[in-house]
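J.: As input, take my_file38.cif (mmCIF, C-alpha atoms and all ligand atoms):
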data_final
#
loop_
_atom_site.group_PDB
_atom_site.id
_atom_site.type_symbol
_atom_site.label_atom_id
_atom_site.label_comp_id
_atom_site.auth_asym_id
_atom_site.auth_seq_id
_atom_site.Cartn_x
_atom_site.Cartn_y
_atom_site.Cartn_z
ATOM 1 C CA MET A 1 6.400 -15.899 -13.172
ATOM 2 C CA ASN A 2 8.338 -14.573 -10.189
ATOM 3 C CA ARG A 3 6.816 -14.663 -6.734
ATOM 4 C CA LEU A 4 4.535 -11.769 -5.863
ATOM 5 C CA ARG A 5 5.175 -10.032 -2.529
ATOM 6 C CA LEU A 6 2.339 -9.356 -0.092
ATOM 7 C CA GLY A 7 2.392 -6.285 2.124
ATOM 8 C CA VAL A 8 -0.313 -6.378 4.779
ATOM 9 C CA ASN A 9 -1.634 -2.983 5.791
ATOM 10 C CA ILE A 10 -2.465 -3.041 9.515
ATOM 11 C CA ASP A 11 -3.982 0.477 9.790
ATOM 12 C CA HIS A 12 -7.431 -0.786 10.668
ATOM 13 C CA VAL A 13 -6.212 -2.783 13.628
ATOM 14 C CA ALA A 14 -5.363 0.665 14.997
ATOM 15 C CA THR A 15 -8.794 1.936 13.929
ATOM 16 C CA ILE A 16 -10.433 -0.694 16.157
ATOM 17 C CA ARG A 17 -8.045 0.023 19.038
ATOM 18 C CA ASN A 18 -8.692 3.759 18.776
ATOM 19 C CA ALA A 19 -12.465 3.244 18.932
ATOM 20 C CA ARG A 20 -11.935 2.574 22.645
ATOM 21 C CA GLY A 21 -8.512 4.079 23.327
ATOM 22 C CA GLY A 22 -6.027 1.902 25.166
ATOM 23 C CA THR A 23 -3.746 -0.664 23.601
ATOM 24 C CA HIS A 24 -5.935 -3.509 22.288
ATOM 25 C CA PRO A 25 -5.819 -4.746 19.565
ATOM 26 C CA ASP A 26 -2.127 -4.032 19.048
ATOM 27 C CA PRO A 27 -1.086 -3.401 15.396
ATOM 28 C CA ALA A 28 2.421 -4.804 16.056
ATOM 29 C CA ARG A 29 0.911 -8.097 17.248
ATOM 30 C CA ALA A 30 -1.248 -8.214 14.110
ATOM 31 C CA ALA A 31 1.862 -7.520 12.032
ATOM 32 C CA ILE A 32 3.669 -10.513 13.547
ATOM 33 C CA ILE A 33 0.702 -12.796 12.829
ATOM 34 C CA ALA A 34 0.502 -11.501 9.234
ATOM 35 C CA LEU A 35 4.206 -12.183 8.696
ATOM 36 C CA GLU A 36 3.904 -15.678 10.116
ATOM 37 C CA ALA A 37 0.910 -16.353 7.843
ATOM 38 C CA GLY A 38 2.730 -15.426 4.634
ATOM 39 C CA ALA A 39 3.049 -11.645 4.386
ATOM 40 C CA ASP A 40 6.441 -10.440 3.168
ATOM 41 C CA GLY A 41 6.233 -7.024 4.777
ATOM 42 C CA ILE A 42 4.003 -4.625 6.688
ATOM 43 C CA THR A 43 2.450 -1.439 5.401
ATOM 44 C CA ALA A 44 1.214 1.373 7.631
ATOM 45 C CA HIS A 45 -0.190 4.793 6.769
ATOM 46 C CA LEU A 46 0.671 7.536 9.240
ATOM 47 C CA ARG A 47 -2.034 10.052 8.427
ATOM 48 C CA GLU A 48 -1.691 13.718 9.298
ATOM 49 C CA ASP A 49 -4.726 13.495 11.612
ATOM 50 C CA ARG A 50 -3.401 10.238 13.248
ATOM 51 C CA ARG A 51 -6.865 8.710 12.938
ATOM 52 C CA HIS A 52 -5.475 5.169 13.106
ATOM 53 C CA ILE A 53 -1.709 4.571 13.146
ATOM 54 C CA SER A 54 0.130 6.716 15.717
ATOM 55 C CA ASP A 55 3.732 7.874 15.916
ATOM 56 C CA ALA A 56 4.261 5.313 18.693
ATOM 57 C CA ASP A 57 2.915 2.563 16.378
ATOM 58 C CA ILE A 58 5.490 3.492 13.753
ATOM 59 C CA GLU A 59 8.264 3.332 16.383
ATOM 60 C CA ALA A 60 7.062 -0.087 17.567
ATOM 61 C CA LEU A 61 6.583 -1.479 14.048
ATOM 62 C CA ALA A 62 9.920 -0.166 12.824
ATOM 63 C CA SER A 63 11.830 -1.751 15.684
ATOM 64 C CA MET A 64 9.909 -5.076 15.566
ATOM 65 C CA LEU A 65 10.446 -5.345 11.793
ATOM 66 C CA ARG A 66 14.102 -4.355 12.027
ATOM 67 C CA GLU A 67 14.652 -7.134 14.579
ATOM 68 C CA ARG A 68 13.004 -9.646 12.251
ATOM 69 C CA GLY A 69 14.704 -8.346 9.119
ATOM 70 C CA ARG A 70 11.344 -7.638 7.467
ATOM 71 C CA PRO A 71 10.413 -4.511 5.502
ATOM 72 C CA LEU A 72 8.248 -1.623 6.684
ATOM 73 C CA ASN A 73 6.438 0.253 3.938
ATOM 74 C CA LEU A 74 5.472 3.669 5.331
ATOM 75 C CA GLU A 75 2.622 5.354 3.499
ATOM 76 C CA MET A 76 2.519 9.097 3.968
ATOM 77 C CA ALA A 77 1.459 12.401 2.489
ATOM 78 C CA VAL A 78 3.941 14.697 0.772
ATOM 79 C CA THR A 79 4.387 17.083 3.723
ATOM 80 C CA SER A 80 7.429 18.391 5.587
ATOM 81 C CA GLU A 81 6.221 16.819 8.845
ATOM 82 C CA MET A 82 6.020 13.366 7.249
ATOM 83 C CA LEU A 83 9.371 13.800 5.547
ATOM 84 C CA ASP A 84 11.033 14.468 8.938
ATOM 85 C CA ILE A 85 9.417 11.334 10.383
ATOM 86 C CA ALA A 86 10.510 9.191 7.428
ATOM 87 C CA LEU A 87 14.054 10.550 7.579
ATOM 88 C CA LYS A 88 14.157 9.679 11.286
ATOM 89 C CA HIS A 89 13.010 6.066 10.814
ATOM 90 C CA ARG A 90 14.509 5.400 7.385
ATOM 91 C CA PRO A 91 11.965 2.680 6.565
ATOM 92 C CA HIS A 92 12.741 0.116 3.892
ATOM 93 C CA ALA A 93 10.080 1.707 1.676
ATOM 94 C CA VAL A 94 8.024 4.888 1.528
ATOM 95 C CA CYS A 95 4.865 5.186 -0.533
ATOM 96 C CA LEU A 96 3.776 8.787 -1.149
ATOM 97 C CA VAL A 97 0.011 9.138 -1.249
ATOM 98 C CA PRO A 98 -2.451 11.995 -1.688
ATOM 99 C CA GLU A 99 -4.255 12.867 1.521
ATOM 100 C CA ARG A 100 -7.245 15.000 2.327
ATOM 101 C CA ARG A 101 -8.557 15.303 5.849
ATOM 102 C CA GLU A 102 -12.202 14.944 4.881
ATOM 103 C CA GLU A 103 -11.729 11.703 2.940
ATOM 104 C CA ARG A 104 -12.604 8.363 4.502
ATOM 105 C CA THR A 105 -9.704 6.618 2.785
ATOM 106 C CA THR A 106 -7.145 7.456 0.109
ATOM 107 C CA GLU A 107 -9.252 8.540 -2.836
ATOM 108 C CA GLY A 108 -7.533 8.460 -6.216
ATOM 109 C CA GLY A 109 -3.852 8.668 -6.962
ATOM 110 C CA LEU A 110 -1.204 11.290 -6.464
ATOM 111 C CA ASP A 111 -1.050 14.008 -9.135
ATOM 112 C CA VAL A 112 2.618 13.644 -9.993
ATOM 113 C CA VAL A 113 2.207 15.688 -13.187
ATOM 114 C CA GLY A 114 0.797 18.722 -11.343
ATOM 115 C CA GLY A 115 2.921 18.254 -8.198
ATOM 116 C CA HIS A 116 6.176 17.519 -9.953
ATOM 117 C CA ASN A 117 8.179 20.418 -8.466
ATOM 118 C CA TRP A 118 7.097 19.563 -4.914
ATOM 119 C CA ILE A 119 7.366 15.779 -5.218
ATOM 120 C CA THR A 120 10.751 15.453 -6.990
ATOM 121 C CA PRO A 121 12.961 16.847 -4.169
ATOM 122 C CA PHE A 122 10.945 14.767 -1.687
ATOM 123 C CA VAL A 123 11.743 11.608 -3.600
ATOM 124 C CA ALA A 124 15.427 12.550 -3.738
ATOM 125 C CA LYS A 125 15.652 13.111 0.042
ATOM 126 C CA LEU A 126 13.936 9.808 0.814
ATOM 127 C CA ARG A 127 16.129 7.917 -1.628
ATOM 128 C CA ASP A 128 19.256 9.541 -0.186
ATOM 129 C CA ALA A 129 18.140 8.257 3.232
ATOM 130 C CA GLY A 130 18.022 4.733 1.792
ATOM 131 C CA SER A 131 14.269 4.234 1.357
ATOM 132 C CA ARG A 132 12.787 2.739 -1.785
ATOM 133 C CA VAL A 133 10.295 5.339 -2.996
ATOM 134 C CA SER A 134 6.956 4.517 -4.485
ATOM 135 C CA LEU A 135 4.272 6.886 -5.789
ATOM 136 C CA PHE A 136 0.618 5.875 -5.437
ATOM 137 C CA ILE A 137 -0.868 6.800 -8.801
ATOM 138 C CA ALA A 138 -3.617 5.934 -11.231
ATOM 139 C CA ALA A 139 -2.469 3.663 -14.058
ATOM 140 C CA ASP A 140 -2.358 6.670 -16.345
ATOM 141 C CA ALA A 141 0.327 7.174 -19.009
ATOM 142 C CA ALA A 142 1.168 10.782 -18.042
ATOM 143 C CA GLN A 143 1.343 9.979 -14.308
ATOM 144 C CA ILE A 144 3.585 6.977 -14.975
ATOM 145 C CA GLU A 145 5.966 9.071 -17.057
ATOM 146 C CA ALA A 146 5.995 11.847 -14.459
ATOM 147 C CA SER A 147 6.797 9.257 -11.757
ATOM 148 C CA VAL A 148 9.899 8.219 -13.678
ATOM 149 C CA HIS A 149 10.952 11.860 -14.042
ATOM 150 C CA ALA A 150 10.344 12.435 -10.322
ATOM 151 C CA GLY A 151 12.926 9.737 -9.589
ATOM 152 C CA ALA A 152 10.631 7.121 -8.042
ATOM 153 C CA GLN A 153 11.722 3.473 -8.170
ATOM 154 C CA VAL A 154 8.162 2.149 -7.874
ATOM 155 C CA ALA A 155 4.676 3.045 -9.080
ATOM 156 C CA GLU A 156 1.898 1.650 -6.907
ATOM 157 C CA PHE A 157 -1.294 1.605 -8.951
ATOM 158 C CA HIS A 158 -4.556 2.564 -7.273
ATOM 159 C CA VAL A 159 -6.778 -0.385 -8.197
ATOM 160 C CA GLY A 160 -9.883 0.862 -6.368
ATOM 161 C CA ALA A 161 -11.806 1.648 -9.569
ATOM 162 C CA TYR A 162 -11.360 -1.940 -10.772
ATOM 163 C CA CYS A 163 -12.253 -3.480 -7.402
ATOM 164 C CA ASP A 164 -15.359 -1.289 -6.992
ATOM 165 C CA ALA A 165 -16.562 -2.107 -10.512
ATOM 166 C CA VAL A 166 -16.211 -5.860 -9.856
ATOM 167 C CA ARG A 167 -18.032 -5.656 -6.508
ATOM 168 C CA GLU A 168 -20.844 -3.578 -8.012
ATOM 169 C CA GLY A 169 -21.259 -5.901 -11.016
ATOM 170 C CA ARG A 170 -20.297 -3.230 -13.583
ATOM 171 C CA VAL A 171 -18.780 -5.689 -16.027
ATOM 172 C CA GLU A 172 -17.697 -3.293 -18.791
ATOM 173 C CA ALA A 173 -16.186 -0.805 -16.344
ATOM 174 C CA ALA A 174 -14.285 -3.631 -14.641
ATOM 175 C CA ARG A 175 -12.960 -4.890 -17.972
ATOM 176 C CA ALA A 176 -11.810 -1.403 -18.990
ATOM 177 C CA ALA A 177 -10.209 -0.726 -15.593
ATOM 178 C CA LEU A 178 -8.316 -4.032 -15.687
ATOM 179 C CA GLN A 179 -7.082 -3.314 -19.207
ATOM 180 C CA ALA A 180 -5.858 0.118 -18.061
ATOM 181 C CA LEU A 181 -3.934 -1.598 -15.233
ATOM 182 C CA ARG A 182 -2.370 -4.066 -17.684
ATOM 183 C CA ASP A 183 -1.395 -1.306 -20.131
ATOM 184 C CA GLY A 184 -0.045 0.877 -17.328
ATOM 185 C CA ALA A 185 1.977 -2.004 -15.880
ATOM 186 C CA ALA A 186 3.517 -2.732 -19.280
ATOM 187 C CA GLN A 187 4.424 0.944 -19.761
ATOM 188 C CA ALA A 188 5.864 1.258 -16.246
ATOM 189 C CA GLY A 189 7.880 -1.927 -16.760
ATOM 190 C CA ARG A 190 9.305 -0.603 -20.042
ATOM 191 C CA LEU A 191 10.313 2.621 -18.270
ATOM 192 C CA GLY A 192 12.095 0.698 -15.523
ATOM 193 C CA LEU A 193 9.609 1.198 -12.686
ATOM 194 C CA GLU A 194 8.714 -1.635 -10.342
ATOM 195 C CA VAL A 195 4.920 -1.994 -10.239
ATOM 196 C CA HIS A 196 2.848 -2.459 -7.080
ATOM 197 C CA ALA A 197 -0.930 -2.432 -6.653
ATOM 198 C CA GLY A 198 -3.254 -1.624 -3.801
ATOM 199 C CA HIS A 199 -6.604 -0.379 -2.559
ATOM 200 C CA GLY A 200 -9.773 -2.382 -2.231
ATOM 201 C CA ILE A 201 -8.347 -5.804 -3.121
ATOM 202 C CA ASP A 202 -10.284 -8.815 -1.801
ATOM 203 C CA PHE A 203 -10.418 -12.576 -2.452
ATOM 204 C CA VAL A 204 -12.345 -12.019 -5.718
ATOM 205 C CA THR A 205 -10.312 -9.211 -7.245
ATOM 206 C CA VAL A 206 -6.850 -10.426 -6.235
ATOM 207 C CA ALA A 207 -6.306 -13.007 -8.989
ATOM 208 C CA PRO A 208 -6.674 -10.810 -12.116
ATOM 209 C CA ILE A 209 -4.372 -8.200 -10.554
ATOM 210 C CA ALA A 210 -1.861 -10.789 -9.369
ATOM 211 C CA ALA A 211 -1.776 -12.261 -12.893
ATOM 212 C CA ILE A 212 -0.375 -9.028 -14.398
ATOM 213 C CA PRO A 213 3.239 -10.074 -14.977
ATOM 214 C CA GLU A 214 4.899 -6.711 -14.167
ATOM 215 C CA VAL A 215 3.221 -6.473 -10.754
ATOM 216 C CA ALA A 216 5.744 -7.303 -8.023
ATOM 217 C CA GLU A 217 3.858 -6.465 -4.815
ATOM 218 C CA LEU A 218 0.310 -6.090 -3.543
ATOM 219 C CA ASN A 219 -0.568 -4.019 -0.483
ATOM 220 C CA ILE A 220 -3.810 -5.156 1.114
ATOM 221 C CA GLY A 221 -5.425 -3.943 4.319
ATOM 222 C CA HIS A 222 -9.090 -3.244 4.915
ATOM 223 C CA PHE A 223 -10.474 -6.475 3.514
ATOM 224 C CA LEU A 224 -7.994 -8.669 5.408
ATOM 225 C CA ILE A 225 -8.627 -6.956 8.742
ATOM 226 C CA GLY A 226 -12.397 -7.200 8.163
ATOM 227 C CA GLU A 227 -12.112 -10.859 7.206
ATOM 228 C CA ALA A 228 -10.051 -11.486 10.330
ATOM 229 C CA VAL A 229 -13.195 -10.784 12.368
ATOM 230 C CA PHE A 230 -14.702 -13.943 10.879
ATOM 231 C CA THR A 231 -11.768 -16.286 10.343
ATOM 232 C CA GLY A 232 -8.822 -14.828 12.228
ATOM 233 C CA LEU A 233 -6.016 -12.865 10.608
ATOM 234 C CA GLU A 234 -3.771 -15.872 10.077
ATOM 235 C CA VAL A 235 -6.380 -17.723 7.998
ATOM 236 C CA ALA A 236 -7.284 -14.596 6.006
ATOM 237 C CA VAL A 237 -3.657 -13.751 5.151
ATOM 238 C CA ALA A 238 -2.796 -17.373 4.317
ATOM 239 C CA ARG A 239 -5.757 -17.580 1.927
ATOM 240 C CA MET A 240 -4.788 -14.306 0.219
ATOM 241 C CA ARG A 241 -1.211 -15.575 -0.097
ATOM 242 C CA ARG A 242 -2.476 -18.815 -1.715
ATOM 243 C CA LEU A 243 -4.708 -16.952 -4.197
ATOM 244 C CA MET A 244 -1.790 -14.716 -5.177
ATOM 245 C CA ASP A 245 0.522 -17.682 -5.714
ATOM 246 C CA GLU A 246 -2.086 -19.583 -7.755
ATOM 247 C CA ALA A 247 -2.622 -16.560 -10.026
ATOM 248 C CA ARG A 248 1.089 -16.423 -10.863
ATOM 249 C CA VAL A 249 1.466 -19.892 -12.420
HETATM 250 N N1 LIG B 1 -1.843 0.963 -0.872
HETATM 251 C C1 LIG B 1 -2.006 2.282 -0.605
HETATM 252 C C2 LIG B 1 -1.033 3.241 -1.180
HETATM 253 C C3 LIG B 1 -3.052 2.722 0.231
HETATM 254 O O1 LIG B 1 -3.188 4.031 0.490
HETATM 255 C C4 LIG B 1 -3.926 1.776 0.788
HETATM 256 C C5 LIG B 1 -5.027 2.229 1.690
HETATM 257 O O2 LIG B 1 -4.492 2.812 2.825
HETATM 258 C C6 LIG B 1 -3.700 0.420 0.508
HETATM 259 C C7 LIG B 1 -2.678 0.044 -0.339
HETATM 260 C C8 LIG B 1 -4.554 -0.663 1.106
HETATM 261 O O3 LIG B 1 -5.875 -0.525 0.678
HETATM 262 P P1 LIG B 1 -7.001 -1.391 1.351
HETATM 263 O O4 LIG B 1 -6.992 -1.073 2.817
HETATM 264 O O5 LIG B 1 -8.250 -0.959 0.662
HETATM 265 O O6 LIG B 1 -6.665 -2.838 1.102
#
Go ahead and express the file in the form of structure tokens.
Ligand code: PXP

T.:
Amino acid sequence: MNRLRLGVNIDHVATIRNARGGTHPDPARAAIIALEAGADGITAHLREDRRHISDADIEALASMLRERGRPLNLEMAVTSEMLDIALKHRPHAVCLVPERREERTTEGGLDVVGGHNWITPFVAKLRDAGSRVSLFIAADAAQIEASVHAGAQVAEFHVGAYCDAVREGRVEAARAALQALRDGAAQAGRLGLEVHAGHGIDFVTVAPIAAIPEVAELNIGHFLIGEAVFTGLEVAVARMRRLMDEARV
């Protein structure tokens, strides 16, 4: 099977920094360590409320990654403000996500079926600017089809339901969620979408997801930054990289 790419999401380095204000720990420094430890690219979510990543972080990450020839995957809500920012930076990739201010993290996927008329021109503008556009969706047949019609090149599947079921020992729910991911990946592949996966992945849940042949990229954040507290970021990313590679053979 082809090599799976790893995007490391460094949002929660900014969460720790923002707990005290100031500049430490610096997300761009974490990004460099992640790249050196085996990440292929860096993912950052600029939220409307700027609770972690700031506009200045995006500037710094974009220029550091451009210098190193590595991709930035900008996660953002489908708003005019975010579109202007993306068109200014022209990141390698943009992942459109649903966003609600009261949520703790991204809950559920984007409703591409219901939001089709709003999302489609967004995708076109981002693609015209040269970004590869991904939609963060549930592995649901109607959402996958709508993503193709919206013009996206990539569907990133929200794998949180699977990861939660595994962690909570709900065996049947985990089995069903994994099967839905496999079926969705096969459908997306047939329709010409590249498939990515993200949300809640850890050392236990990574292998079954990485073994789905259509999946080309995983985006992993919270667990790796948490694990870095115990082992350092380099060790955590290198271990995730190894588990991904082993699941692909
Ligand atoms: N992919 C997308 C689209 C996300 O919104 C997130 C969470 O910000 C992730 C991946 C990473 O999820 P986690 O931090 O749970 O690993």

J.: How would you write, as a ChimeraX atom specification, the set of residues no farther than 7 Å from ligand LIG 1 (chain B) when counting only C-alpha atoms and all ligand atoms?

T.: /A:9,45,75,95,97,105-106,136,156,197-201,219-223

J.: Kindly indicate which residue among A:Ala150, A:Val159, A:Ala142, A:Leu4 lies nearest to A:Glu214, using only C-alpha atoms for the distances.

T.: A:Leu4

J.: Can you list, as a list in words, the residues that the PyMOL selection byres (((chain A and resi 249) around 12) and not hetatm) selects here?

T.: Met1, Asn2, Arg3, Leu4, Ala207, Ala210, Ala211, Ile212, Pro213, Arg242, Leu243, Met244, Asp245, Glu246, Ala247 and Arg248 of chain A

J.: Nearest residue to A:Asp164 out of A:Thr205, A:Asn73, A:Asn18, A:Ser147, using all atoms listed in the file?

T.: A:Thr205

J.: Can you pull out the residues contacting stretch 20-23 of chain A? Cut-off 12 Å, using only C-alpha atoms, and skip same-chain residues under 3 positions away; I want them as JSON, numbers by chain.

T.: {"A": [13, 14, 15, 16, 17, 26, 27, 28, 29, 51, 52, 53, 54, 56, 57]}

J.: Between atom CA of A:Leu218 and atom CA of A:Arg190, what is the spacing in Å?

T.: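 Pair atom CA of A:Arg190 / atom CA of A:Leu218 returns 19.6 Å.
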
J.: For each of A:Arg127, A:Glu194, A:Ala146, A:Ala152, take the minimum atom-to-atom distance to A:Val215, counting only C-alpha atoms, then give the residue where this is smallest.

T.: A:Glu194

J.: Considering all atoms listed in the file, state which residue in the set A:Arg50, A:Ala165, A:Pro91, A:Ile33 is at the smallest distance from A:Ser63.

T.: A:Pro91

J.: Using all atoms listed in the file, pick whichever of A:Pro121, A:Gly189, A:Gly7, A:Gly232 has the shortest atom-to-atom distance to A:Ser80.

T.: A:Pro121

J.: Given the point (14.5, 2.4, 14.5) in the coordinates of this file, which residues lie within 8 Å, counting only C-alpha atoms, and how would they look as number ranges by chain?

T.: A: 59, 62-63, 66, 88-90

J.: Write out as a list in words which residues come within 9 Å of A:Gly184 when counting only C-alpha atoms, dropping same-chain ones fewer than 6 positions away.

T.: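 The residues satisfying every condition are Ala138, Ala139, Asp140, Ala141, Ile144 and Phe157 of chain A.
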
J.: Residues of the last selection are to be written out with C-alpha atoms, as a PDB file, in the frame of the given file.

T.:
ATOM      1  CA  ALA A 138      -3.617   5.934 -11.231  1.00  0.00           C
ATOM      2  CA  ALA A 139      -2.469   3.663 -14.058  1.00  0.00           C
ATOM      3  CA  ASP A 140      -2.358   6.670 -16.345  1.00  0.00           C
ATOM      4  CA  ALA A 141       0.327   7.174 -19.009  1.00  0.00           C
ATOM      5  CA  ILE A 144       3.585   6.977 -14.975  1.00  0.00           C
ATOM      6  CA  PHE A 157      -1.294   1.605  -8.951  1.00  0.00           C
TER       7      PHE A 157
END

J.: Measure the distance from atom CA of A:Val195 to atom CA of A:Glu217 in Å and round it to one decimal.

T.: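 Distance between the two atoms: 7.1 Å.
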
J.: With distances taken over only C-alpha atoms, which residue among A:Ala161, A:Ala188, A:Val235, A:Met240 lies nearest A:Ala176?

T.: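 Selected residue with least distance to A:Ala176: A:Ala161.
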
J.: For A:Leu224, work out the shell of residues within 7 Å, counting only C-alpha atoms and skipping chain neighbours fewer than 6 positions away, then give it as a PDB file with C-alpha atoms, keeping the file's coordinate frame.

T.:
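Generated file (around_16.pdb):
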ATOM      1  CA  LEU A 233      -6.016 -12.865  10.608  1.00  0.00           C
ATOM      2  CA  ALA A 236      -7.284 -14.596   6.006  1.00  0.00           C
ATOM      3  CA  VAL A 237      -3.657 -13.751   5.151  1.00  0.00           C
TER       4      VAL A 237
END

J.: One number please: atom CA of A:His92 to atom CA of A:Asp40, in Å, one decimal.

T.: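 Calculated distance between atom CA of A:His92 and atom CA of A:Asp40 is 12.3 Å.
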
J.: Extending 3 Å beyond the listed atoms of stretch 171-181 of chain A on each side, what axis-aligned box results? I want centre and edge lengths in Å to one decimal, as AutoDock Vina command-line options.

T.:
--center_x -11.4 --center_y -2.8 --center_z -16.9 --size_x 20.8 --size_y 11.8 --size_z 10.6

J.: I would like the residues chosen by the PyMOL selection byres (((chain A and resi 119) around 10) and not hetatm) on the shown file; could you give them as a PDB file with C-alpha atoms, keeping the file's coordinate frame?

T.:
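Below is the file result06.pdb, written as the result:
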ATOM      1  CA  VAL A  78       3.941  14.697   0.772  1.00  0.00           C
ATOM      2  CA  THR A  79       4.387  17.083   3.723  1.00  0.00           C
ATOM      3  CA  LEU A  96       3.776   8.787  -1.149  1.00  0.00           C
ATOM      4  CA  LEU A 110      -1.204  11.290  -6.464  1.00  0.00           C
ATOM      5  CA  ASP A 111      -1.050  14.008  -9.135  1.00  0.00           C
ATOM      6  CA  VAL A 112       2.618  13.644  -9.993  1.00  0.00           C
ATOM      7  CA  VAL A 113       2.207  15.688 -13.187  1.00  0.00           C
ATOM      8  CA  GLY A 114       0.797  18.722 -11.343  1.00  0.00           C
ATOM      9  CA  GLY A 115       2.921  18.254  -8.198  1.00  0.00           C
ATOM     10  CA  HIS A 116       6.176  17.519  -9.953  1.00  0.00           C
ATOM     11  CA  ASN A 117       8.179  20.418  -8.466  1.00  0.00           C
ATOM     12  CA  TRP A 118       7.097  19.563  -4.914  1.00  0.00           C
ATOM     13  CA  THR A 120      10.751  15.453  -6.990  1.00  0.00           C
ATOM     14  CA  PRO A 121      12.961  16.847  -4.169  1.00  0.00           C
ATOM     15  CA  PHE A 122      10.945  14.767  -1.687  1.00  0.00           C
ATOM     16  CA  VAL A 123      11.743  11.608  -3.600  1.00  0.00           C
ATOM     17  CA  ALA A 124      15.427  12.550  -3.738  1.00  0.00           C
ATOM     18  CA  LEU A 135       4.272   6.886  -5.789  1.00  0.00           C
ATOM     19  CA  SER A 147       6.797   9.257 -11.757  1.00  0.00           C
ATOM     20  CA  ALA A 150      10.344  12.435 -10.322  1.00  0.00           C
ATOM     21  CA  GLY A 151      12.926   9.737  -9.589  1.00  0.00           C
ATOM     22  CA  ALA A 152      10.631   7.121  -8.042  1.00  0.00           C
TER      23      ALA A 152
END

J.: Starting from the block above, write stretch 74-117 of chain A out to a file with C-alpha atoms, as an mmCIF file, in the first residue's frame, please.

T.:
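Written output follows (out.cif):
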data_model
loop_
_atom_site.group_PDB
_atom_site.id
_atom_site.type_symbol
_atom_site.label_atom_id
_atom_site.label_comp_id
_atom_site.auth_asym_id
_atom_site.auth_seq_id
_atom_site.Cartn_x
_atom_site.Cartn_y
_atom_site.Cartn_z
ATOM 1 C CA LEU A 74 -5.518 25.351 7.282
ATOM 2 C CA GLU A 75 -8.703 24.234 8.994
ATOM 3 C CA MET A 76 -11.405 26.868 9.039
ATOM 4 C CA ALA A 77 -15.116 27.532 9.171
ATOM 5 C CA VAL A 78 -17.085 28.427 6.056
ATOM 6 C CA THR A 79 -17.209 32.186 6.726
ATOM 7 C CA SER A 80 -16.288 35.239 4.660
ATOM 8 C CA GLU A 81 -13.657 36.287 7.214
ATOM 9 C CA MET A 82 -11.887 32.923 6.956
ATOM 10 C CA LEU A 83 -12.127 32.926 3.179
ATOM 11 C CA ASP A 84 -10.299 36.293 3.042
ATOM 12 C CA ILE A 85 -7.557 34.933 5.312
ATOM 13 C CA ALA A 86 -7.154 31.767 3.229
ATOM 14 C CA LEU A 87 -7.051 33.750 -0.010
ATOM 15 C CA LYS A 88 -4.323 35.940 1.498
ATOM 16 C CA HIS A 89 -2.107 33.022 2.575
ATOM 17 C CA ARG A 90 -2.992 30.546 -0.169
ATOM 18 C CA PRO A 91 -2.089 27.522 1.973
ATOM 19 C CA HIS A 92 -1.301 24.209 0.321
ATOM 20 C CA ALA A 93 -4.563 22.809 1.708
ATOM 21 C CA VAL A 94 -7.758 24.078 3.304
ATOM 22 C CA CYS A 95 -10.078 21.843 5.291
ATOM 23 C CA LEU A 96 -13.560 23.313 5.788
ATOM 24 C CA VAL A 97 -15.040 22.364 9.138
ATOM 25 C CA PRO A 98 -18.264 23.101 11.002
ATOM 26 C CA GLU A 99 -17.752 25.457 13.918
ATOM 27 C CA ARG A 100 -19.896 26.499 16.827
ATOM 28 C CA ARG A 101 -18.619 28.872 19.464
ATOM 29 C CA GLU A 102 -19.979 26.886 22.389
ATOM 30 C CA GLU A 103 -18.357 23.598 21.362
ATOM 31 C CA ARG A 104 -15.164 22.410 23.023
ATOM 32 C CA THR A 105 -13.847 20.918 19.791
ATOM 33 C CA THR A 106 -15.175 20.232 16.302
ATOM 34 C CA GLU A 107 -18.267 18.147 16.915
ATOM 35 C CA GLY A 108 -19.517 16.134 13.952
ATOM 36 C CA GLY A 109 -18.959 16.788 10.290
ATOM 37 C CA LEU A 110 -19.929 19.547 7.927
ATOM 38 C CA ASP A 111 -23.459 19.332 6.498
ATOM 39 C CA VAL A 112 -22.519 19.546 2.839
ATOM 40 C CA VAL A 113 -25.979 18.368 1.748
ATOM 41 C CA GLY A 114 -27.779 21.184 3.598
ATOM 42 C CA GLY A 115 -25.054 23.802 3.013
ATOM 43 C CA HIS A 116 -24.439 23.013 -0.622
ATOM 44 C CA ASN A 117 -25.284 26.475 -2.007
#
